Structures are given as C-alpha cells and as structure tokens.
$ cat protein26.pdb   # PDB, C-alpha atoms
MODEL        1
ATOM      1  CA  MET A  11     263.097 -20.558 199.630  1.00  0.00           C
ATOM      2  CA  GLN A  12     262.403 -23.908 201.223  1.00  0.00           C
ATOM      3  CA  ILE A  13     259.246 -25.995 200.960  1.00  0.00           C
ATOM      4  CA  VAL A  14     258.617 -28.852 203.373  1.00  0.00           C
ATOM      5  CA  LYS A  15     255.822 -31.152 202.248  1.00  0.00           C
ATOM      6  CA  GLN A  16     253.598 -32.832 204.811  1.00  0.00           C
ATOM      7  CA  LYS A  17     254.985 -36.263 203.894  1.00  0.00           C
ATOM      8  CA  GLN A  18     258.432 -34.916 204.916  1.00  0.00           C
ATOM      9  CA  THR A  19     257.387 -33.931 208.440  1.00  0.00           C
ATOM     10  CA  HIS A  20     258.794 -35.500 211.572  1.00  0.00           C
ATOM     11  CA  ARG A  21     256.058 -36.903 213.840  1.00  0.00           C
ATOM     12  CA  VAL A  22     256.438 -36.736 217.607  1.00  0.00           C
ATOM     13  CA  ASP A  23     253.976 -38.108 220.145  1.00  0.00           C
ATOM     14  CA  ALA A  24     254.731 -35.666 222.952  1.00  0.00           C
ATOM     15  CA  SER A  25     252.280 -37.352 225.349  1.00  0.00           C
ATOM     16  CA  PRO A  26     249.205 -39.602 225.204  1.00  0.00           C
ATOM     17  CA  THR A  27     247.128 -36.437 224.536  1.00  0.00           C
ATOM     18  CA  THR A  28     249.439 -34.589 222.123  1.00  0.00           C
ATOM     19  CA  SER A  29     250.882 -35.331 218.689  1.00  0.00           C
ATOM     20  CA  ILE A  30     253.141 -33.039 216.699  1.00  0.00           C
ATOM     21  CA  GLU A  31     254.229 -32.901 213.063  1.00  0.00           C
ATOM     22  CA  GLU A  32     257.427 -30.857 212.805  1.00  0.00           C
ATOM     23  CA  TYR A  33     258.249 -29.064 209.563  1.00  0.00           C
ATOM     24  CA  LEU A  34     262.042 -29.174 209.794  1.00  0.00           C
ATOM     25  CA  MET A  35     263.614 -26.107 208.216  1.00  0.00           C
ATOM     26  CA  ARG A  36     267.278 -25.519 207.349  1.00  0.00           C
ATOM     27  CA  ASP A  37     266.986 -22.016 208.842  1.00  0.00           C
ATOM     28  CA  SER A  38     267.696 -22.013 212.597  1.00  0.00           C
ATOM     29  CA  THR A  39     265.846 -18.724 213.142  1.00  0.00           C
ATOM     30  CA  ILE A  40     262.350 -20.206 212.736  1.00  0.00           C
ATOM     31  CA  SER A  41     260.433 -23.498 212.796  1.00  0.00           C
ATOM     32  CA  GLY A  42     256.855 -24.640 212.455  1.00  0.00           C
ATOM     33  CA  ALA A  43     254.653 -27.541 213.491  1.00  0.00           C
ATOM     34  CA  THR A  44     251.073 -28.696 213.604  1.00  0.00           C
ATOM     35  CA  VAL A  45     249.933 -29.853 217.025  1.00  0.00           C
ATOM     36  CA  ILE A  46     246.845 -31.921 217.861  1.00  0.00           C
ATOM     37  CA  PHE A  47     245.604 -31.824 221.463  1.00  0.00           C
ATOM     38  CA  SER A  48     242.993 -34.206 222.835  1.00  0.00           C
ATOM     39  CA  GLY A  49     243.211 -33.428 226.538  1.00  0.00           C
ATOM     40  CA  ARG A  50     245.765 -31.552 228.634  1.00  0.00           C
ATOM     41  CA  TYR A  51     249.404 -30.896 227.775  1.00  0.00           C
ATOM     42  CA  PRO A  52     251.425 -31.272 229.778  1.00  0.00           C
ATOM     43  CA  GLU A  53     249.293 -33.739 231.699  1.00  0.00           C
ATOM     44  CA  LYS A  54     250.310 -31.942 234.910  1.00  0.00           C
ATOM     45  CA  ASP A  55     252.373 -28.868 235.755  1.00  0.00           C
ATOM     46  CA  PHE A  56     253.414 -26.392 233.027  1.00  0.00           C
ATOM     47  CA  ALA A  57     255.378 -26.314 229.774  1.00  0.00           C
ATOM     48  CA  VAL A  58     258.179 -23.768 229.346  1.00  0.00           C
ATOM     49  CA  ASN A  59     260.171 -22.873 226.249  1.00  0.00           C
ATOM     50  CA  THR A  60     263.415 -21.374 227.528  1.00  0.00           C
ATOM     51  CA  LYS A  61     264.596 -19.858 224.212  1.00  0.00           C
ATOM     52  CA  SER A  62     261.836 -19.214 221.677  1.00  0.00           C
ATOM     53  CA  HIS A  63     258.797 -17.082 221.220  1.00  0.00           C
ATOM     54  CA  GLU A  64     255.908 -19.383 220.237  1.00  0.00           C
ATOM     55  CA  LEU A  65     253.098 -18.134 218.028  1.00  0.00           C
ATOM     56  CA  ALA A  66     250.104 -20.479 217.783  1.00  0.00           C
ATOM     57  CA  LEU A  67     247.069 -20.243 215.506  1.00  0.00           C
ATOM     58  CA  VAL A  68     244.007 -22.373 216.328  1.00  0.00           C
ATOM     59  CA  LEU A  69     243.106 -24.234 213.114  1.00  0.00           C
ATOM     60  CA  SER A  70     240.173 -26.215 214.504  1.00  0.00           C
ATOM     61  CA  GLY A  71     238.448 -27.065 217.752  1.00  0.00           C
ATOM     62  CA  SER A  72     238.602 -25.174 221.012  1.00  0.00           C
ATOM     63  CA  GLY A  73     240.074 -25.295 224.485  1.00  0.00           C
ATOM     64  CA  VAL A  74     242.019 -23.209 226.942  1.00  0.00           C
ATOM     65  CA  ILE A  75     245.526 -21.998 227.492  1.00  0.00           C
ATOM     66  CA  GLY A  76     246.331 -21.752 231.170  1.00  0.00           C
ATOM     67  CA  THR A  77     248.904 -20.182 233.438  1.00  0.00           C
ATOM     68  CA  LYS A  78     249.316 -20.325 237.208  1.00  0.00           C
ATOM     69  CA  ARG A  79     246.914 -17.395 237.521  1.00  0.00           C
ATOM     70  CA  LYS A  80     244.215 -17.948 234.895  1.00  0.00           C
ATOM     71  CA  GLU A  81     242.731 -19.930 232.044  1.00  0.00           C
ATOM     72  CA  THR A  82     241.742 -18.266 228.793  1.00  0.00           C
ATOM     73  CA  SER A  83     239.312 -19.850 226.328  1.00  0.00           C
ATOM     74  CA  ILE A  84     240.599 -20.174 222.770  1.00  0.00           C
ATOM     75  CA  GLU A  85     238.860 -21.194 219.562  1.00  0.00           C
ATOM     76  CA  LEU A  86     239.182 -21.346 215.801  1.00  0.00           C
ATOM     77  CA  GLY A  87     241.103 -18.362 214.421  1.00  0.00           C
ATOM     78  CA  ASN A  88     242.608 -17.204 217.722  1.00  0.00           C
ATOM     79  CA  CYS A  89     246.336 -16.455 217.695  1.00  0.00           C
ATOM     80  CA  ILE A  90     248.389 -16.839 220.887  1.00  0.00           C
ATOM     81  CA  LEU A  91     251.874 -15.462 221.595  1.00  0.00           C
ATOM     82  CA  ILE A  92     253.910 -17.191 224.303  1.00  0.00           C
ATOM     83  CA  ARG A  93     257.160 -15.545 225.329  1.00  0.00           C
ATOM     84  CA  PRO A  94     260.327 -17.379 226.394  1.00  0.00           C
ATOM     85  CA  ASN A  95     260.186 -18.733 229.968  1.00  0.00           C
ATOM     86  CA  GLU A  96     256.396 -18.294 230.320  1.00  0.00           C
ATOM     87  CA  LYS A  97     254.764 -21.232 232.114  1.00  0.00           C
ATOM     88  CA  PHE A  98     251.612 -22.504 230.398  1.00  0.00           C
ATOM     89  CA  TYR A  99     249.476 -25.504 229.544  1.00  0.00           C
ATOM     90  CA  TRP A 100     246.965 -26.380 226.825  1.00  0.00           C
ATOM     91  CA  ARG A 101     243.686 -28.207 227.411  1.00  0.00           C
ATOM     92  CA  GLY A 102     241.012 -29.093 224.888  1.00  0.00           C
ATOM     93  CA  HIS A 103     240.358 -30.772 221.589  1.00  0.00           C
ATOM     94  CA  MET A 104     242.024 -28.644 218.942  1.00  0.00           C
ATOM     95  CA  ALA A 105     244.573 -28.402 216.164  1.00  0.00           C
ATOM     96  CA  LEU A 106     247.149 -25.595 216.125  1.00  0.00           C
ATOM     97  CA  PHE A 107     249.837 -24.393 213.778  1.00  0.00           C
ATOM     98  CA  MET A 108     252.802 -23.208 215.850  1.00  0.00           C
ATOM     99  CA  VAL A 109     255.809 -21.134 214.849  1.00  0.00           C
ATOM    100  CA  CYS A 110     258.908 -20.859 217.059  1.00  0.00           C
ATOM    101  CA  ALA A 111     261.567 -18.181 216.686  1.00  0.00           C
ATOM    102  CA  PRO A 112     264.372 -19.079 217.031  1.00  0.00           C
ATOM    103  CA  ALA A 113     263.698 -22.630 215.818  1.00  0.00           C
ATOM    104  CA  PHE A 114     262.409 -25.134 218.367  1.00  0.00           C
ATOM    105  CA  ARG A 115     264.932 -27.558 219.847  1.00  0.00           C
ATOM    106  CA  THR A 116     263.943 -30.308 222.292  1.00  0.00           C
ATOM    107  CA  LYS A 117     266.519 -29.245 224.896  1.00  0.00           C
ATOM    108  CA  GLN A 118     264.822 -25.837 225.350  1.00  0.00           C
ATOM    109  CA  HIS A 119     261.462 -27.424 226.264  1.00  0.00           C
ATOM    110  CA  LYS A 120     260.908 -28.054 229.978  1.00  0.00           C
ATOM    111  CA  ILE A 121     258.087 -29.224 232.228  1.00  0.00           C
ATOM    112  CA  SER A 122     257.970 -27.073 235.361  1.00  0.00           C
ATOM    113  CA  ARG A 123     255.822 -26.691 238.480  1.00  0.00           C
TER     114      ARG A 123
ENDMDL
END
$ encode --input "protein26.pdb" --output "structure tokens"
Amino acid sequence: MQIVKQKQTHRVDASPTTSIEEYLMRDSTISGATVIFSGRYPEKDFAVNTKSHELALVLSGSGVIGTKRKETSIELGNCILIRPNEKFYWRGHMALFMVCAPAFRTKQHKISR
C-alpha cells in the first residue's frame, strides 16, 4: 500500500488555464492527479496521450470534452474514458480526478492538430 498526501503532490501549471496536482506513485502501472480547468486545454489543437488510458471523474463544475467531430457536455459525477492516441480537448470551469494506466509520463503527452 502507498498513501500520497496532498501536501506531497507535485504541482504543474500545464497552461494559463490548467493546473495539475500529481500524486506520484512508486507503481509504474498507474498514476493519479487532480486537474483544474478554467478555460480550454490545450488552448488550441488537441491533446494526445500516446501510451495510457485516461479515466477522468468530474469532481465539480462543468464543461465539454471535444474531439475533431463533436463536443460532449460533462458535469459533476460524469466519468470519461480516453484511450491511447485519441485526440481531445477540455473546455470549461471544472475540477477532475484523473487516473492514467500505465502511469502518466510527460514524454507521452503531445499536442496535435
């Protein structure tokens, strides 16, 4: 068992609209983070995780998750699964808890058109 307390998190300001608190685990098969959005992320184009499945739970607020083809409204309590190599963006004012499996690594995150 491993417990990571909030005061042990690693804060990342991913963009002017997005802040992340990473709960760094010793286990490379899974990771978690809280994410606060106050606008669009990425600010243009799409985010892509080349390795991990991402599972996000909306903790507060509301917004949309978008792809090249559509936008879907999301709100408190919704759970979203994003598969590796899916292009997407977030827009809104919301807090999420996100789990990545395998664990998130910066080099697998890309911004794509």
$ closest_residue --input "protein26.pdb" --among "A:Arg101, A:Arg123, A:Lys17, A:Arg115" --to "Gly76 of chain A" --atoms "only C-alpha atoms"
A:Arg101
$ resolve_selection --input "protein26.pdb" --expression "the PyMOL selection byres ((chain A and resi 59) around 10)" --output "PDB file with C-alpha atoms, in the coordinates of the input"
ATOM      1  CA  ALA A  57     255.378 -26.314 229.774  1.00  0.00           C
ATOM      2  CA  VAL A  58     258.179 -23.768 229.346  1.00  0.00           C
ATOM      3  CA  THR A  60     263.415 -21.374 227.528  1.00  0.00           C
ATOM      4  CA  LYS A  61     264.596 -19.858 224.212  1.00  0.00           C
ATOM      5  CA  SER A  62     261.836 -19.214 221.677  1.00  0.00           C
ATOM      6  CA  HIS A  63     258.797 -17.082 221.220  1.00  0.00           C
ATOM      7  CA  GLU A  64     255.908 -19.383 220.237  1.00  0.00           C
ATOM      8  CA  ILE A  92     253.910 -17.191 224.303  1.00  0.00           C
ATOM      9  CA  ARG A  93     257.160 -15.545 225.329  1.00  0.00           C
ATOM     10  CA  PRO A  94     260.327 -17.379 226.394  1.00  0.00           C
ATOM     11  CA  ASN A  95     260.186 -18.733 229.968  1.00  0.00           C
ATOM     12  CA  GLU A  96     256.396 -18.294 230.320  1.00  0.00           C
ATOM     13  CA  LYS A  97     254.764 -21.232 232.114  1.00  0.00           C
ATOM     14  CA  PHE A  98     251.612 -22.504 230.398  1.00  0.00           C
ATOM     15  CA  CYS A 110     258.908 -20.859 217.059  1.00  0.00           C
ATOM     16  CA  PHE A 114     262.409 -25.134 218.367  1.00  0.00           C
ATOM     17  CA  ARG A 115     264.932 -27.558 219.847  1.00  0.00           C
ATOM     18  CA  THR A 116     263.943 -30.308 222.292  1.00  0.00           C
ATOM     19  CA  LYS A 117     266.519 -29.245 224.896  1.00  0.00           C
ATOM     20  CA  GLN A 118     264.822 -25.837 225.350  1.00  0.00           C
ATOM     21  CA  HIS A 119     261.462 -27.424 226.264  1.00  0.00           C
ATOM     22  CA  LYS A 120     260.908 -28.054 229.978  1.00  0.00           C
ATOM     23  CA  ILE A 121     258.087 -29.224 232.228  1.00  0.00           C
TER      24      ILE A 121
END
$ residues_around --input "protein26.pdb" --residues "Leu86 of chain A" --least-positions-apart "2" --cutoff "12 Å" --atoms "only C-alpha atoms" --output "ChimeraX atom specification"
/A:66-74,83-84,88-90,103-107
$ atom_distance --input "protein26.pdb" --atom1 "atom CA of Pro52 of chain A" --atom2 "atom CA of Ile40 of chain A"
23.1 Å
$ closest_residue --input "protein26.pdb" --among "A:Thr44, A:Gln12, A:Thr82, A:Thr77" --to "Gly102 of chain A" --atoms "all atoms listed in the file"
A:Thr82
$ residues_around --input "protein26.pdb" --residues "Leu34 of chain A" --least-positions-apart "2" --cutoff "10 Å" --atoms "all atoms listed in the file" --output "PyMOL selection string"
chain A and resi 13-15+18-20+31-32+36-38+40-43+113-114
$ atom_distance --input "protein26.pdb" --atom1 "atom CA of Ile75 of chain A" --atom2 "atom CA of Trp100 of chain A"
4.7 Å
$ decode --input "protein26.pdb" --residues "segment 45-114 of chain A" --atoms "C-alpha atoms" --output "PDB file, in the first residue's frame"
ATOM      1  CA  VAL A  45      -6.813  18.858 -12.658  1.00  0.00           C
ATOM      2  CA  ILE A  46      -8.426  22.307 -12.532  1.00  0.00           C
ATOM      3  CA  PHE A  47      -9.590  23.810 -15.835  1.00  0.00           C
ATOM      4  CA  SER A  48     -10.640  27.432 -16.223  1.00  0.00           C
ATOM      5  CA  GLY A  49     -10.897  27.688 -19.995  1.00  0.00           C
ATOM      6  CA  ARG A  50      -9.683  25.456 -22.820  1.00  0.00           C
ATOM      7  CA  TYR A  51      -6.875  22.905 -22.686  1.00  0.00           C
ATOM      8  CA  PRO A  52      -4.970  22.776 -24.830  1.00  0.00           C
ATOM      9  CA  GLU A  53      -5.572  26.384 -25.798  1.00  0.00           C
ATOM     10  CA  LYS A  54      -5.654  25.271 -29.449  1.00  0.00           C
ATOM     11  CA  ASP A  55      -5.456  21.944 -31.269  1.00  0.00           C
ATOM     12  CA  PHE A  56      -5.788  18.641 -29.364  1.00  0.00           C
ATOM     13  CA  ALA A  57      -4.097  16.734 -26.544  1.00  0.00           C
ATOM     14  CA  VAL A  58      -2.979  13.140 -27.130  1.00  0.00           C
ATOM     15  CA  ASN A  59      -1.681  10.584 -24.650  1.00  0.00           C
ATOM     16  CA  THR A  60       0.331   8.107 -26.707  1.00  0.00           C
ATOM     17  CA  LYS A  61       0.616   5.372 -24.037  1.00  0.00           C
ATOM     18  CA  SER A  62      -2.054   5.494 -21.332  1.00  0.00           C
ATOM     19  CA  HIS A  63      -5.749   5.081 -20.925  1.00  0.00           C
ATOM     20  CA  GLU A  64      -7.049   8.132 -19.024  1.00  0.00           C
ATOM     21  CA  LEU A  65     -10.075   7.865 -16.763  1.00  0.00           C
ATOM     22  CA  ALA A  66     -11.452  11.203 -15.547  1.00  0.00           C
ATOM     23  CA  LEU A  67     -14.155  11.867 -12.957  1.00  0.00           C
ATOM     24  CA  VAL A  68     -15.714  15.351 -12.806  1.00  0.00           C
ATOM     25  CA  LEU A  69     -15.500  16.460  -9.155  1.00  0.00           C
ATOM     26  CA  SER A  70     -17.031  19.912  -9.605  1.00  0.00           C
ATOM     27  CA  GLY A  71     -18.124  22.341 -12.279  1.00  0.00           C
ATOM     28  CA  SER A  72     -18.997  21.583 -15.869  1.00  0.00           C
ATOM     29  CA  GLY A  73     -17.714  21.910 -19.403  1.00  0.00           C
ATOM     30  CA  VAL A  74     -17.135  19.899 -22.532  1.00  0.00           C
ATOM     31  CA  ILE A  75     -14.742  17.335 -23.860  1.00  0.00           C
ATOM     32  CA  GLY A  76     -14.222  17.738 -27.575  1.00  0.00           C
ATOM     33  CA  THR A  77     -12.837  15.797 -30.499  1.00  0.00           C
ATOM     34  CA  LYS A  78     -12.459  16.740 -34.156  1.00  0.00           C
ATOM     35  CA  ARG A  79     -16.022  15.565 -34.765  1.00  0.00           C
ATOM     36  CA  LYS A  80     -18.029  16.626 -31.711  1.00  0.00           C
ATOM     37  CA  GLU A  81     -18.259  18.219 -28.294  1.00  0.00           C
ATOM     38  CA  THR A  82     -19.916  16.436 -25.397  1.00  0.00           C
ATOM     39  CA  SER A  83     -21.167  18.265 -22.302  1.00  0.00           C
ATOM     40  CA  ILE A  84     -19.850  16.939 -18.997  1.00  0.00           C
ATOM     41  CA  GLU A  85     -20.785  17.760 -15.418  1.00  0.00           C
ATOM     42  CA  LEU A  86     -20.382  16.707 -11.812  1.00  0.00           C
ATOM     43  CA  GLY A  87     -20.232  12.920 -11.451  1.00  0.00           C
ATOM     44  CA  ASN A  88     -19.570  12.123 -15.115  1.00  0.00           C
ATOM     45  CA  CYS A  89     -16.743   9.677 -15.816  1.00  0.00           C
ATOM     46  CA  ILE A  90     -14.823   9.862 -19.107  1.00  0.00           C
ATOM     47  CA  LEU A  91     -12.535   7.213 -20.622  1.00  0.00           C
ATOM     48  CA  ILE A  92      -9.937   8.392 -23.137  1.00  0.00           C
ATOM     49  CA  ARG A  93      -7.993   5.721 -24.984  1.00  0.00           C
ATOM     50  CA  PRO A  94      -4.348   5.989 -26.064  1.00  0.00           C
ATOM     51  CA  ASN A  95      -3.825   8.153 -29.174  1.00  0.00           C
ATOM     52  CA  GLU A  96      -7.314   9.732 -29.047  1.00  0.00           C
ATOM     53  CA  LYS A  97      -7.244  13.452 -29.861  1.00  0.00           C
ATOM     54  CA  PHE A  98      -9.285  15.578 -27.450  1.00  0.00           C
ATOM     55  CA  TYR A  99      -9.583  18.876 -25.626  1.00  0.00           C
ATOM     56  CA  TRP A 100     -11.262  20.088 -22.435  1.00  0.00           C
ATOM     57  CA  ARG A 101     -13.160  23.361 -22.095  1.00  0.00           C
ATOM     58  CA  GLY A 102     -14.977  24.714 -19.066  1.00  0.00           C
ATOM     59  CA  HIS A 103     -14.641  25.528 -15.412  1.00  0.00           C
ATOM     60  CA  MET A 104     -14.259  22.231 -13.598  1.00  0.00           C
ATOM     61  CA  ALA A 105     -12.152  20.033 -11.360  1.00  0.00           C
ATOM     62  CA  LEU A 106     -11.366  16.438 -12.346  1.00  0.00           C
ATOM     63  CA  PHE A 107      -9.636  13.492 -10.762  1.00  0.00           C
ATOM     64  CA  MET A 108      -7.715  11.627 -13.469  1.00  0.00           C
ATOM     65  CA  VAL A 109      -6.173   8.169 -13.426  1.00  0.00           C
ATOM     66  CA  CYS A 110      -3.675   7.030 -16.078  1.00  0.00           C
ATOM     67  CA  ALA A 111      -2.747   3.411 -16.725  1.00  0.00           C
ATOM     68  CA  PRO A 112       0.119   2.883 -17.271  1.00  0.00           C
ATOM     69  CA  ALA A 113       1.364   5.828 -15.195  1.00  0.00           C
ATOM     70  CA  PHE A 114       1.498   9.227 -16.885  1.00  0.00           C
TER      71      PHE A 114
END
